[in-house]
>>> print(open('model27.cif').read())   # mmCIF, C-alpha atoms
data_target
loop_
_atom_site.label_atom_id
_atom_site.label_comp_id
_atom_site.auth_asym_id
_atom_site.auth_seq_id
_atom_site.Cartn_x
_atom_site.Cartn_y
_atom_site.Cartn_z
CA MET A 1 17.25 -25.89 0.70
CA SER A 2 17.44 -23.90 3.94
CA ALA A 3 18.35 -24.61 7.54
CA THR A 4 15.39 -25.51 9.72
CA PRO A 5 14.22 -22.18 11.18
CA LYS A 6 14.23 -21.69 14.94
CA THR A 7 12.76 -18.18 15.09
CA TYR A 8 9.88 -16.60 13.18
CA HIS A 9 8.26 -13.26 12.47
CA VAL A 10 4.79 -12.75 10.93
CA LYS A 11 4.05 -9.46 9.17
CA SER A 12 0.38 -8.98 8.28
CA PHE A 13 -1.03 -6.45 5.83
CA GLY A 14 -4.58 -5.26 5.27
CA CYS A 15 -7.82 -6.24 6.95
CA GLN A 16 -8.64 -7.55 10.42
CA MET A 17 -9.07 -11.04 8.99
CA ASN A 18 -5.42 -10.94 7.99
CA VAL A 19 -4.53 -9.89 11.53
CA TYR A 20 -6.46 -12.92 12.81
CA ASP A 21 -4.77 -15.20 10.27
CA GLY A 22 -1.39 -13.76 11.23
CA GLU A 23 -2.02 -14.50 14.90
CA ARG A 24 -3.01 -18.06 14.05
CA MET A 25 0.11 -18.61 11.94
CA ALA A 26 2.23 -17.33 14.81
CA GLU A 27 0.50 -19.82 17.11
CA LEU A 28 1.25 -22.59 14.60
CA MET A 29 4.95 -21.71 14.62
CA ALA A 30 5.03 -21.48 18.41
CA ALA A 31 3.37 -24.90 18.66
CA GLN A 32 6.31 -26.27 16.65
CA GLY A 33 8.72 -25.00 19.30
CA MET A 34 9.82 -21.93 17.38
CA THR A 35 10.46 -18.60 19.13
CA ALA A 36 9.07 -15.24 18.05
CA ALA A 37 11.82 -12.89 16.84
CA ALA A 38 11.89 -9.23 17.80
CA ASP A 39 11.60 -8.17 14.14
CA ALA A 40 11.75 -9.51 10.60
CA ASP A 41 15.48 -8.81 10.19
CA SER A 42 16.42 -11.08 13.09
CA ALA A 43 14.09 -13.99 12.20
CA ASP A 44 15.03 -17.28 10.54
CA LEU A 45 11.53 -17.48 9.00
CA VAL A 46 9.57 -14.43 7.84
CA VAL A 47 5.91 -14.88 6.93
CA LEU A 48 4.53 -12.06 4.76
CA ASN A 49 0.77 -12.34 5.23
CA THR A 50 -0.45 -10.37 2.25
CA CYS A 51 -3.57 -8.47 1.21
CA HIS A 52 -4.67 -8.06 -2.42
CA ILE A 53 -7.18 -5.28 -1.84
CA ARG A 54 -4.85 -2.30 -1.74
CA GLU A 55 -3.22 -0.73 -4.79
CA LYS A 56 -0.01 -2.31 -6.07
CA ALA A 57 -0.23 -5.03 -3.41
CA THR A 58 1.85 -7.51 -5.40
CA GLU A 59 4.63 -5.01 -6.11
CA LYS A 60 4.83 -4.14 -2.41
CA VAL A 61 5.37 -7.81 -1.57
CA TYR A 62 8.28 -8.04 -3.99
CA SER A 63 9.70 -4.85 -2.48
CA ASP A 64 9.50 -6.32 1.03
CA ILE A 65 11.21 -9.51 -0.11
CA GLY A 66 14.04 -7.52 -1.67
CA ARG A 67 14.41 -5.40 1.47
CA LEU A 68 14.66 -8.47 3.70
CA ARG A 69 17.41 -9.96 1.57
CA LYS A 70 19.29 -6.66 1.32
CA ASN A 71 19.20 -6.20 5.11
CA ALA A 72 20.45 -9.76 5.61
CA ARG A 73 23.34 -9.09 3.22
CA LEU A 74 24.26 -5.82 4.95
CA ALA A 75 24.21 -7.59 8.33
CA ASP A 76 26.33 -10.42 6.91
CA ARG A 77 23.78 -13.05 7.86
CA ALA A 78 22.06 -15.77 5.88
CA ASN A 79 18.88 -14.91 4.02
CA PRO A 80 15.81 -15.77 6.06
CA MET A 81 13.38 -18.39 4.83
CA ILE A 82 10.53 -16.38 3.32
CA ALA A 83 6.92 -17.56 3.22
CA VAL A 84 4.37 -15.53 1.27
CA ALA A 85 0.88 -16.15 2.63
CA GLY A 86 -2.55 -14.61 2.17
CA CYS A 87 -4.43 -13.28 -0.85
CA VAL A 88 -1.46 -12.25 -2.98
CA ALA A 89 -0.06 -15.76 -2.52
CA GLN A 90 -3.40 -17.21 -3.64
CA ALA A 91 -3.62 -14.93 -6.67
CA GLU A 92 0.00 -15.24 -7.81
CA GLY A 93 0.75 -18.85 -6.84
CA GLU A 94 3.65 -20.35 -8.82
CA GLU A 95 4.46 -16.96 -10.36
CA ILE A 96 5.52 -15.38 -7.07
CA ALA A 97 7.50 -18.48 -6.12
CA HIS A 98 9.54 -18.41 -9.31
CA ARG A 99 9.85 -14.65 -9.76
CA ALA A 100 10.85 -13.88 -6.16
CA LYS A 101 12.41 -17.29 -5.43
CA VAL A 102 10.67 -17.49 -2.06
CA ASP A 103 10.67 -20.70 -0.06
CA VAL A 104 6.96 -21.12 0.72
CA VAL A 105 3.76 -19.90 -0.93
CA VAL A 106 0.54 -20.62 0.97
CA GLY A 107 -2.99 -19.35 0.37
CA PRO A 108 -5.39 -18.07 3.05
CA GLN A 109 -7.35 -21.34 3.14
CA ALA A 110 -4.26 -23.54 3.46
CA TYR A 111 -2.09 -21.84 6.08
CA HIS A 112 -2.81 -24.60 8.60
CA ASN A 113 -0.29 -26.57 6.51
CA LEU A 114 2.44 -23.97 7.06
CA PRO A 115 4.57 -26.09 9.44
CA ASP A 116 4.65 -28.96 6.92
CA LEU A 117 5.46 -26.56 4.09
CA VAL A 118 8.34 -25.08 6.10
CA ARG A 119 9.71 -28.57 6.71
CA GLN A 120 9.39 -29.39 3.02
CA ALA A 121 11.18 -26.20 2.04
CA SER A 122 13.95 -26.91 4.55
CA ALA A 123 14.45 -30.45 3.25
CA ARG A 124 13.73 -30.25 -0.47
CA GLY A 125 13.40 -26.62 -1.50
CA ARG A 126 10.31 -24.62 -2.50
CA ALA A 127 6.84 -25.63 -1.22
CA ILE A 128 3.49 -24.33 -2.50
CA ASP A 129 -0.10 -24.87 -1.30
CA THR A 130 -2.92 -22.76 -2.70
CA ASP A 131 -5.74 -25.28 -2.31
CA MET A 132 -9.03 -23.88 -1.04
CA PRO A 133 -10.80 -26.52 1.08
CA ALA A 134 -13.83 -25.05 2.81
CA ILE A 135 -13.07 -24.32 6.48
CA ALA A 136 -10.72 -27.31 6.93
CA LYS A 137 -7.93 -25.19 8.33
CA PHE A 138 -9.74 -24.28 11.54
CA GLY A 139 -9.85 -27.85 12.80
CA ALA A 140 -6.08 -28.15 12.29
CA LEU A 141 -5.14 -24.97 14.16
CA PRO A 142 -3.79 -25.08 17.73
CA ALA A 143 -5.71 -23.87 20.78
CA ARG A 144 -5.92 -20.10 21.16
CA ARG A 145 -3.25 -18.47 23.32
CA LYS A 146 -4.38 -14.85 23.13
CA THR A 147 -3.83 -12.92 26.33
CA GLY A 148 -4.66 -9.30 25.36
CA PRO A 149 -7.90 -7.51 26.28
CA THR A 150 -9.23 -7.54 22.70
CA ALA A 151 -9.30 -10.41 20.22
CA PHE A 152 -10.42 -11.16 16.68
CA LEU A 153 -12.40 -14.33 15.93
CA THR A 154 -13.08 -15.35 12.33
CA VAL A 155 -16.56 -16.87 11.96
CA GLN A 156 -17.13 -16.64 8.20
CA GLU A 157 -14.89 -16.58 5.15
CA GLY A 158 -15.25 -16.01 1.45
CA CYS A 159 -17.76 -14.11 -0.62
CA ASP A 160 -20.54 -14.93 -3.08
CA LYS A 161 -21.36 -11.31 -3.94
CA PHE A 162 -18.89 -10.85 -6.83
CA CYS A 163 -18.64 -7.07 -6.74
CA THR A 164 -17.03 -6.20 -10.06
CA TYR A 165 -13.99 -4.47 -8.50
CA CYS A 166 -13.16 -7.14 -5.91
CA VAL A 167 -10.80 -10.14 -5.91
CA VAL A 168 -12.03 -11.69 -2.66
CA PRO A 169 -14.26 -14.39 -4.27
CA TYR A 170 -11.20 -15.53 -6.23
CA THR A 171 -8.66 -15.42 -3.40
CA ARG A 172 -10.82 -16.43 -0.40
CA GLY A 173 -13.38 -18.61 -2.17
CA ALA A 174 -17.12 -19.00 -1.69
CA GLU A 175 -18.95 -17.93 1.45
CA VAL A 176 -18.63 -20.51 4.19
CA SER A 177 -19.55 -20.34 7.87
CA ARG A 178 -17.67 -21.98 10.71
CA PRO A 179 -19.70 -24.30 12.97
CA PHE A 180 -21.53 -22.71 15.89
CA ASP A 181 -19.93 -24.91 18.57
CA ALA A 182 -16.40 -24.30 17.26
CA ILE A 183 -16.91 -20.54 17.40
CA VAL A 184 -18.35 -20.58 20.92
CA ASP A 185 -15.52 -22.82 22.13
CA GLU A 186 -12.90 -20.52 20.64
CA ALA A 187 -14.59 -17.48 22.18
CA LYS A 188 -14.56 -19.15 25.61
CA ALA A 189 -10.86 -19.98 25.17
CA LEU A 190 -10.11 -16.36 24.29
CA VAL A 191 -11.96 -15.12 27.36
CA ASP A 192 -10.15 -17.67 29.54
CA ALA A 193 -6.88 -16.29 28.10
CA GLY A 194 -7.76 -12.73 29.07
CA ALA A 195 -9.91 -11.26 26.29
CA ARG A 196 -12.63 -8.87 27.45
CA GLU A 197 -13.77 -7.88 23.96
CA ILE A 198 -14.20 -10.11 20.89
CA THR A 199 -14.69 -8.86 17.35
CA LEU A 200 -16.33 -11.41 15.04
CA LEU A 201 -14.80 -11.33 11.57
CA GLY A 202 -15.87 -12.28 8.07
CA GLN A 203 -15.68 -11.02 4.52
CA ASN A 204 -19.47 -10.82 4.92
CA VAL A 205 -19.72 -11.52 8.62
CA ASN A 206 -23.47 -10.96 8.77
CA ALA A 207 -23.93 -13.77 6.24
CA TRP A 208 -22.87 -16.21 8.97
CA ASP A 209 -25.43 -18.95 9.57
CA ASP A 210 -25.67 -22.65 10.39
CA ASP A 211 -27.98 -25.52 9.54
CA ALA A 212 -30.26 -24.52 12.40
CA GLY A 213 -30.77 -21.05 10.91
CA THR A 214 -29.25 -19.40 13.97
CA GLY A 215 -28.00 -16.32 12.11
CA LEU A 216 -25.37 -13.92 13.37
CA HIS A 217 -27.82 -12.46 15.89
CA GLY A 218 -28.24 -15.92 17.45
CA LEU A 219 -24.49 -16.42 17.61
CA ILE A 220 -24.10 -13.02 19.28
CA ALA A 221 -26.79 -13.99 21.80
CA ALA A 222 -24.80 -17.15 22.64
CA LEU A 223 -21.58 -15.18 23.13
CA ASP A 224 -23.49 -12.73 25.31
CA ARG A 225 -23.89 -15.57 27.83
CA ILE A 226 -20.12 -16.14 28.21
CA GLU A 227 -19.08 -15.05 31.68
CA GLY A 228 -16.16 -12.65 31.61
CA LEU A 229 -16.81 -11.37 28.09
CA ALA A 230 -17.70 -7.69 28.31
CA ARG A 231 -17.96 -6.54 24.71
CA ILE A 232 -18.92 -7.95 21.30
CA ARG A 233 -18.31 -6.36 17.91
CA TYR A 234 -18.52 -7.63 14.32
CA THR A 235 -17.14 -6.60 10.93
CA THR A 236 -17.36 -6.40 7.91
CA SER A 237 -21.04 -6.48 7.01
CA HIS A 238 -22.84 -6.41 3.67
CA PRO A 239 -26.11 -4.46 3.32
CA ASN A 240 -27.76 -7.47 1.67
CA ASP A 241 -27.27 -9.55 4.83
CA MET A 242 -28.42 -6.94 7.36
CA LYS A 243 -31.43 -8.92 8.59
CA GLU A 244 -34.04 -7.88 11.12
CA GLY A 245 -32.75 -10.20 13.86
CA LEU A 246 -29.31 -8.60 13.72
CA ILE A 247 -30.80 -5.12 13.81
CA ARG A 248 -32.86 -6.11 16.88
CA ALA A 249 -29.72 -7.45 18.55
CA HIS A 250 -28.37 -3.91 18.66
CA ALA A 251 -31.32 -3.02 20.89
CA GLU A 252 -31.46 -6.24 22.92
CA VAL A 253 -27.87 -7.39 23.55
CA GLU A 254 -26.13 -5.13 26.06
CA LYS A 255 -22.66 -6.48 25.27
CA LEU A 256 -23.04 -5.70 21.55
CA MET A 257 -21.30 -2.38 21.09
CA PRO A 258 -23.10 0.54 19.37
CA PHE A 259 -20.95 0.51 16.24
CA LEU A 260 -21.76 -0.71 12.73
CA HIS A 261 -19.39 -0.86 9.77
CA LEU A 262 -21.64 -1.19 6.71
CA PRO A 263 -19.86 -0.40 3.43
CA VAL A 264 -21.89 1.36 0.75
CA GLN A 265 -19.05 2.13 -1.76
CA ALA A 266 -20.95 4.82 -3.70
CA GLY A 267 -24.02 7.03 -3.47
CA ASN A 268 -25.26 6.73 -7.05
CA ASP A 269 -27.50 3.88 -8.21
CA ARG A 270 -25.96 3.53 -11.67
CA ILE A 271 -22.48 3.19 -10.18
CA LEU A 272 -23.76 0.75 -7.55
CA LYS A 273 -25.27 -1.39 -10.30
CA ALA A 274 -22.02 -1.29 -12.28
CA MET A 275 -20.23 -2.40 -9.12
CA ASN A 276 -22.74 -5.29 -8.80
CA ARG A 277 -23.72 -4.13 -5.35
CA SER A 278 -27.09 -5.63 -4.41
CA HIS A 279 -28.40 -2.49 -2.73
CA THR A 280 -29.49 0.92 -3.92
CA ARG A 281 -28.85 4.28 -2.32
CA GLU A 282 -32.40 4.29 -0.96
CA SER A 283 -32.36 0.72 0.38
CA TYR A 284 -29.05 1.41 2.13
CA LEU A 285 -30.43 4.53 3.81
CA ARG A 286 -33.54 2.60 4.92
CA ILE A 287 -31.33 -0.02 6.58
CA LEU A 288 -29.53 2.71 8.50
CA GLU A 289 -32.88 4.17 9.56
CA ARG A 290 -33.91 0.80 11.03
CA VAL A 291 -30.55 0.40 12.79
CA ARG A 292 -30.78 3.87 14.31
CA ALA A 293 -34.35 3.21 15.42
CA ALA A 294 -33.09 0.13 17.28
CA ARG A 295 -29.98 1.84 18.70
CA PRO A 296 -30.23 5.65 18.47
CA ASP A 297 -26.66 6.26 19.69
CA ILE A 298 -25.01 3.91 17.18
CA ALA A 299 -21.84 5.03 15.42
CA LEU A 300 -21.85 4.31 11.70
CA SER A 301 -18.87 3.50 9.53
CA GLY A 302 -18.47 2.63 5.87
CA ASP A 303 -16.24 2.21 2.83
CA PHE A 304 -16.19 4.33 -0.33
CA ILE A 305 -14.54 4.00 -3.73
CA VAL A 306 -14.12 7.11 -5.89
CA GLY A 307 -13.33 7.12 -9.58
CA PHE A 308 -15.00 3.82 -10.50
CA PRO A 309 -14.92 3.42 -14.31
CA GLY A 310 -17.41 5.76 -15.92
CA GLU A 311 -18.16 7.77 -12.76
CA SER A 312 -19.22 11.30 -13.69
CA GLU A 313 -18.90 14.41 -11.57
CA ALA A 314 -22.65 14.40 -10.95
CA GLU A 315 -22.54 10.76 -9.84
CA PHE A 316 -19.68 11.52 -7.49
CA ARG A 317 -21.70 14.39 -6.00
CA ASP A 318 -24.38 11.79 -5.18
CA THR A 319 -21.77 10.11 -2.98
CA LEU A 320 -21.05 13.42 -1.24
CA SER A 321 -24.77 13.96 -0.64
CA LEU A 322 -25.07 10.45 0.83
CA VAL A 323 -22.25 11.27 3.25
CA ASP A 324 -24.11 14.45 4.22
CA ALA A 325 -27.30 12.45 4.79
CA VAL A 326 -25.69 9.78 6.99
CA GLY A 327 -23.13 11.58 9.16
CA TYR A 328 -20.54 8.82 9.56
CA ALA A 329 -18.48 8.50 12.73
CA GLN A 330 -15.63 6.83 10.83
CA CYS A 331 -14.98 5.80 7.24
CA PHE A 332 -12.46 4.34 4.83
CA SER A 333 -12.18 5.80 1.35
CA PHE A 334 -10.05 4.83 -1.63
CA LYS A 335 -9.38 5.64 -5.24
CA TYR A 336 -10.48 2.89 -7.61
CA SER A 337 -7.61 0.71 -8.79
CA PRO A 338 -8.15 -2.20 -11.20
CA ARG A 339 -7.56 -5.76 -10.02
CA PRO A 340 -6.53 -8.20 -12.77
CA GLY A 341 -9.24 -10.75 -13.48
CA THR A 342 -12.11 -8.66 -12.16
CA PRO A 343 -14.88 -7.42 -14.51
CA ALA A 344 -14.26 -3.77 -13.63
CA ALA A 345 -10.68 -4.03 -14.86
CA GLU A 346 -12.08 -4.52 -18.39
CA MET A 347 -14.58 -1.65 -18.23
CA ASP A 348 -14.30 1.48 -20.36
CA GLY A 349 -14.38 4.99 -18.95
CA ALA A 350 -11.26 5.11 -16.80
CA VAL A 351 -11.32 8.22 -14.61
CA PRO A 352 -8.11 10.29 -14.86
CA GLU A 353 -5.80 10.06 -11.86
CA ALA A 354 -5.96 13.81 -11.21
CA VAL A 355 -9.77 13.67 -11.11
CA MET A 356 -9.69 10.73 -8.70
CA ASP A 357 -7.23 12.61 -6.47
CA ASP A 358 -9.52 15.64 -6.39
CA ARG A 359 -12.62 13.55 -5.61
CA LEU A 360 -10.87 11.61 -2.87
CA GLN A 361 -9.73 14.84 -1.21
CA ARG A 362 -13.24 16.27 -1.33
CA LEU A 363 -14.77 13.07 0.01
CA GLN A 364 -12.23 12.77 2.81
CA ALA A 365 -12.79 16.40 3.78
CA ALA A 366 -16.50 15.63 4.24
CA LEU A 367 -15.80 12.40 6.14
CA ASN A 368 -13.24 14.09 8.40
CA ARG A 369 -15.73 16.88 9.10
CA ASP A 370 -18.34 14.37 10.24
CA GLN A 371 -15.88 12.33 12.30
CA ALA A 372 -14.74 15.48 14.09
CA ALA A 373 -18.38 16.43 14.74
CA PHE A 374 -19.17 12.97 16.11
CA ASN A 375 -16.17 13.15 18.44
CA ALA A 376 -17.03 16.68 19.54
CA ALA A 377 -20.53 15.51 20.46
CA SER A 378 -18.93 13.07 22.92
CA VAL A 379 -17.60 15.85 25.15
CA GLY A 380 -19.44 15.84 28.46
CA LYS A 381 -20.62 12.25 28.08
CA THR A 382 -19.74 9.47 30.50
CA CYS A 383 -18.92 6.05 29.08
CA GLU A 384 -16.98 2.90 29.85
CA VAL A 385 -13.51 2.66 28.33
CA LEU A 386 -11.75 -0.67 27.91
CA ILE A 387 -8.08 -0.11 28.72
CA GLU A 388 -5.91 -1.63 25.96
CA ARG A 389 -2.39 -0.29 26.49
CA ALA A 390 -0.20 2.33 28.08
CA GLY A 391 -0.08 5.79 26.55
CA LYS A 392 2.98 7.85 25.72
CA LEU A 393 2.97 9.85 28.96
CA PRO A 394 3.73 8.54 32.48
CA GLY A 395 0.49 7.31 34.04
CA GLN A 396 -1.43 7.66 30.78
CA MET A 397 -3.51 4.77 29.44
CA LEU A 398 -5.30 4.32 26.14
CA GLY A 399 -8.54 2.48 25.52
CA LYS A 400 -11.67 2.38 23.38
CA SER A 401 -15.10 3.82 23.97
CA PRO A 402 -18.17 1.76 23.08
CA TRP A 403 -18.22 3.70 19.78
CA LEU A 404 -14.66 2.54 18.92
CA GLN A 405 -13.10 5.93 19.63
CA SER A 406 -9.59 6.02 21.11
CA VAL A 407 -9.66 7.59 24.58
CA HIS A 408 -6.63 8.86 26.53
CA LEU A 409 -6.80 9.22 30.31
CA MET A 410 -4.58 9.33 33.37
CA THR A 411 -5.37 6.32 35.54
CA ASP A 412 -3.83 3.54 37.56
CA ALA A 413 -6.25 1.05 35.98
CA ALA A 414 -4.69 -2.04 34.44
CA ILE A 415 -4.86 -3.27 30.87
CA GLY A 416 -8.16 -5.10 30.47
CA ASP A 417 -10.04 -3.01 33.01
CA LEU A 418 -13.28 -1.25 32.16
CA VAL A 419 -13.14 2.29 33.51
CA SER A 420 -15.97 4.80 33.76
CA VAL A 421 -14.72 7.96 32.05
CA GLN A 422 -16.09 11.45 31.55
CA ILE A 423 -15.01 12.82 28.17
CA GLU A 424 -13.45 16.27 28.53
CA SER A 425 -12.05 17.04 25.08
CA ALA A 426 -12.13 15.75 21.53
CA GLY A 427 -9.70 15.83 18.64
CA PRO A 428 -10.20 14.65 15.07
CA ASN A 429 -9.00 11.12 15.86
CA SER A 430 -9.25 10.64 19.62
CA LEU A 431 -10.82 11.74 22.89
CA ALA A 432 -9.44 12.63 26.31
CA GLY A 433 -11.20 12.10 29.60
CA VAL A 434 -10.95 11.57 33.34
CA ALA A 435 -11.80 8.46 35.32
CA ILE A 436 -14.77 8.92 37.65
#
>>> encode(input="model27.cif", output="structure tokens")
Amino acid sequence: MSATPKTYHVKSFGCQMNVYDGERMAELMAAQGMTAAADADSADLVVLNTCHIREKATEKVYSDIGRLRKNARLADRANPMIAVAGCVAQAEGEEIAHRAKVDVVVGPQAYHNLPDLVRQASARGRAIDTDMPAIAKFGALPARRKTGPTAFLTVQEGCDKFCTYCVVPYTRGAEVSRPFDAIVDEAKALVDAGAREITLLGQNVNAWDDDAGTGLHGLIAALDRIEGLARIRYTTSHPNDMKEGLIRAHAEVEKLMPFLHLPVQAGNDRILKAMNRSHTRESYLRILERVRAARPDIALSGDFIVGFPGESEAEFRDTLSLVDAVGYAQCFSFKYSPRPGTPAAEMDGAVPEAVMDDRLQRLQAALNRDQAAFNAASVGKTCEVLIERAGKLPGQMLGKSPWLQSVHLMTDAAIGDLVSVQIESAGPNSLAGVAI
């Protein structure tokens, strides 16, 4: 048993959906009268909101737990109550509770029960909830209190695609869409609290739909009518759900920013089939053609995995040639790492680590080349920048371009302002400009 915590700290790992979930868990704790601590080492309750996608995710959680307890011992203070949340909690369940002797284990579909679990742990010891009720948590969460200029809004969760390398269908459950009215109401609340830009989130966000067949494009059109909302984004999309209405929205909805994250994972059809991706190299490229026809200035982003079981050098070169054909503005790339319980983890043909390292370096060199070229092409352009925070220099502010590039400028504009900026220089990861 532990003392009832009065302060909390939430540490989120991984994707934007985890950031959203972390914000919501913090709001739950605040609604219970708890105070946010400055850092994990000064908190009575530490929530580790975990991600299972990255390599050695489970081991990193155990490492964090050990570090928290060591720091408490060195500071001669009581161990904090530790709650493990998110996808690692869902995958490990009882195992992580017993092995790490944490107080609370709660899955990503059950975190609305976190206050009750904390009370149970305080009164009776360990509490675990890894149930997966479809969407029930959203109705139990408190009203949004976000005050920053940008905000995440989860509209869809889970996945029915069952890519052979991925644990999401097992840790987040089946695809489910939140109700239209609930999303619009939450968006309005975020705007009322100061948000100028909202990013719609989902494991397959473009699979969002409702009984009326509204589709993500219809939802975006509804958000476009919210007064005070200046920008709309969405991520992460699946090629299989990139429907014509959503592509048209990029041409028709002014608030929808010219940026599309559409993971492809590989450029070779045999590897794509082994991954159980529902697209081919050619069908993926045709989708991008249609998107660019609708919005010629769109910035494209994607995800890649190198070293999938059985991948040959020639098949990897197909990925490099796809990168050359697309010209991505941004990308994420990773070495394949097996996830227990996924079909790929049982496949033959493991690619040696040294070969994966070499392929990742070559892929990232090509992606970095294209990102630098995209940024360089921005020099001389004028665009609106949404100011998000102060920069490192006196009078310097940092914001995002419509194409999700970081832009530095000297200005007296406030956080949340949209500033017209002429881009004067470009680096590999950011731009610099002057307000006009």
>>> resolve_selection(input="model27.cif", expression="the PyMOL selection byres ((chain A and resi 299-301) around 9)", output="list of chain:residue names")
A:Pro258, A:Phe259, A:Leu260, A:His261, A:Leu262, A:Pro263, A:Leu288, A:Pro296, A:Asp297, A:Ile298, A:Gly302, A:Asp303, A:Val326, A:Gly327, A:Tyr328, A:Ala329, A:Gln330, A:Cys331, A:Phe332, A:Phe374, A:Trp403, A:Leu404
>>> closest_residue(input="model27.cif", among="A:Cys15, A:Ala40, A:Ala251, A:Ile96", to="Pro80 (chain A)", atoms="all atoms listed in the file")
A:Ala40
>>> atom_distance(input="model27.cif", atom1="CA of Arg77 (chain A)", atom2="CA of His112 (chain A)")
29.0 Å
>>> atom_distance(input="model27.cif", atom1="CA of Ala83 (chain A)", atom2="CA of Asp103 (chain A)")
5.9 Å
>>> closest_residue(input="model27.cif", among="A:Cys166, A:Val84, A:Ala30, A:Leu200", to="Gln16 (chain A)", atoms="all atoms listed in the file")
A:Leu200
>>> resolve_selection(input="model27.cif", expression="the PyMOL selection byres ((chain A and resi 281) around 8)", output="PDB file with C-alpha atoms, keeping the file's coordinate frame")
ATOM      1  CA  GLY A 267     -24.020   7.030  -3.470  1.00  0.00           C
ATOM      2  CA  ASN A 268     -25.260   6.730  -7.050  1.00  0.00           C
ATOM      3  CA  ASP A 269     -27.500   3.880  -8.210  1.00  0.00           C
ATOM      4  CA  HIS A 279     -28.400  -2.490  -2.730  1.00  0.00           C
ATOM      5  CA  THR A 280     -29.490   0.920  -3.920  1.00  0.00           C
ATOM      6  CA  GLU A 282     -32.400   4.290  -0.960  1.00  0.00           C
ATOM      7  CA  SER A 283     -32.360   0.720   0.380  1.00  0.00           C
ATOM      8  CA  TYR A 284     -29.050   1.410   2.130  1.00  0.00           C
ATOM      9  CA  LEU A 285     -30.430   4.530   3.810  1.00  0.00           C
ATOM     10  CA  LEU A 322     -25.070  10.450   0.830  1.00  0.00           C
TER      11      LEU A 322
END
>>> resolve_selection(input="model27.cif", expression="the PyMOL selection byres ((chain A and resi 201) around 8)", output="list in words")
Gln16, Met17, Phe152, Leu153, Thr154, Val155, Gln156, Thr199, Leu200, Gly202, Gln203, Val205, Tyr234, Thr235 and Thr236 of chain A
>>> atom_distance(input="model27.cif", atom1="CA of Asn49 (chain A)", atom2="CA of Leu398 (chain A)")
27.4 Å
>>> closest_residue(input="model27.cif", among="A:Gly307, A:Gly341, A:Gly245, A:Pro179", to="Asp358 (chain A)", atoms="only C-alpha atoms")
A:Gly307
>>> residues_around(input="model27.cif", residues="Thr150 (chain A)", least_positions_apart="4", cutoff="8 Å", atoms="only C-alpha atoms", output="PDB file with C-alpha atoms, in the frame of the given file")
ATOM      1  CA  ALA A 195      -9.910 -11.260  26.290  1.00  0.00           C
ATOM      2  CA  ARG A 196     -12.630  -8.870  27.450  1.00  0.00           C
ATOM      3  CA  GLU A 197     -13.770  -7.880  23.960  1.00  0.00           C
ATOM      4  CA  ILE A 198     -14.200 -10.110  20.890  1.00  0.00           C
ATOM      5  CA  THR A 199     -14.690  -8.860  17.350  1.00  0.00           C
ATOM      6  CA  GLU A 388      -5.910  -1.630  25.960  1.00  0.00           C
TER       7      GLU A 388
END
>>> closest_residue(input="model27.cif", among="A:Gly310, A:Pro115, A:Gly107, A:Gly395", to="Gly93 (chain A)", atoms="all atoms listed in the file")
A:Gly107
>>> residues_around(input="model27.cif", residues="Arg67 (chain A)", least_positions_apart="2", cutoff="12 Å", atoms="only C-alpha atoms", output="PyMOL selection string")
chain A and resi 40-41+60-65+69-74+79-80+82+100
>>> residues_near_point(input="model27.cif", point="(-19.4, -16.8, 1.3)", cutoff="9 Å", atoms="only C-alpha atoms", output="list of chain:residue names")
A:Gln156, A:Glu157, A:Gly158, A:Cys159, A:Asp160, A:Lys161, A:Pro169, A:Arg172, A:Gly173, A:Ala174, A:Glu175, A:Val176, A:Ser177, A:Gly202, A:Gln203, A:Asn204, A:Ala207, A:Trp208
>>> write_last_selection(input="model27.cif", atoms="C-alpha atoms", output="PDB file, in the frame of the given file")
ATOM      1  CA  GLN A 156     -17.130 -16.640   8.200  1.00  0.00           C
ATOM      2  CA  GLU A 157     -14.890 -16.580   5.150  1.00  0.00           C
ATOM      3  CA  GLY A 158     -15.250 -16.010   1.450  1.00  0.00           C
ATOM      4  CA  CYS A 159     -17.760 -14.110  -0.620  1.00  0.00           C
ATOM      5  CA  ASP A 160     -20.540 -14.930  -3.080  1.00  0.00           C
ATOM      6  CA  LYS A 161     -21.360 -11.310  -3.940  1.00  0.00           C
ATOM      7  CA  PRO A 169     -14.260 -14.390  -4.270  1.00  0.00           C
ATOM      8  CA  ARG A 172     -10.820 -16.430  -0.400  1.00  0.00           C
ATOM      9  CA  GLY A 173     -13.380 -18.610  -2.170  1.00  0.00           C
ATOM     10  CA  ALA A 174     -17.120 -19.000  -1.690  1.00  0.00           C
ATOM     11  CA  GLU A 175     -18.950 -17.930   1.450  1.00  0.00           C
ATOM     12  CA  VAL A 176     -18.630 -20.510   4.190  1.00  0.00           C
ATOM     13  CA  SER A 177     -19.550 -20.340   7.870  1.00  0.00           C
ATOM     14  CA  GLY A 202     -15.870 -12.280   8.070  1.00  0.00           C
ATOM     15  CA  GLN A 203     -15.680 -11.020   4.520  1.00  0.00           C
ATOM     16  CA  ASN A 204     -19.470 -10.820   4.920  1.00  0.00           C
ATOM     17  CA  ALA A 207     -23.930 -13.770   6.240  1.00  0.00           C
ATOM     18  CA  TRP A 208     -22.870 -16.210   8.970  1.00  0.00           C
TER      19      TRP A 208
END
>>> closest_residue(input="model27.cif", among="A:His9, A:Arg124, A:Lys400, A:Arg339", to="Ala57 (chain A)", atoms="all atoms listed in the file")
A:Arg339
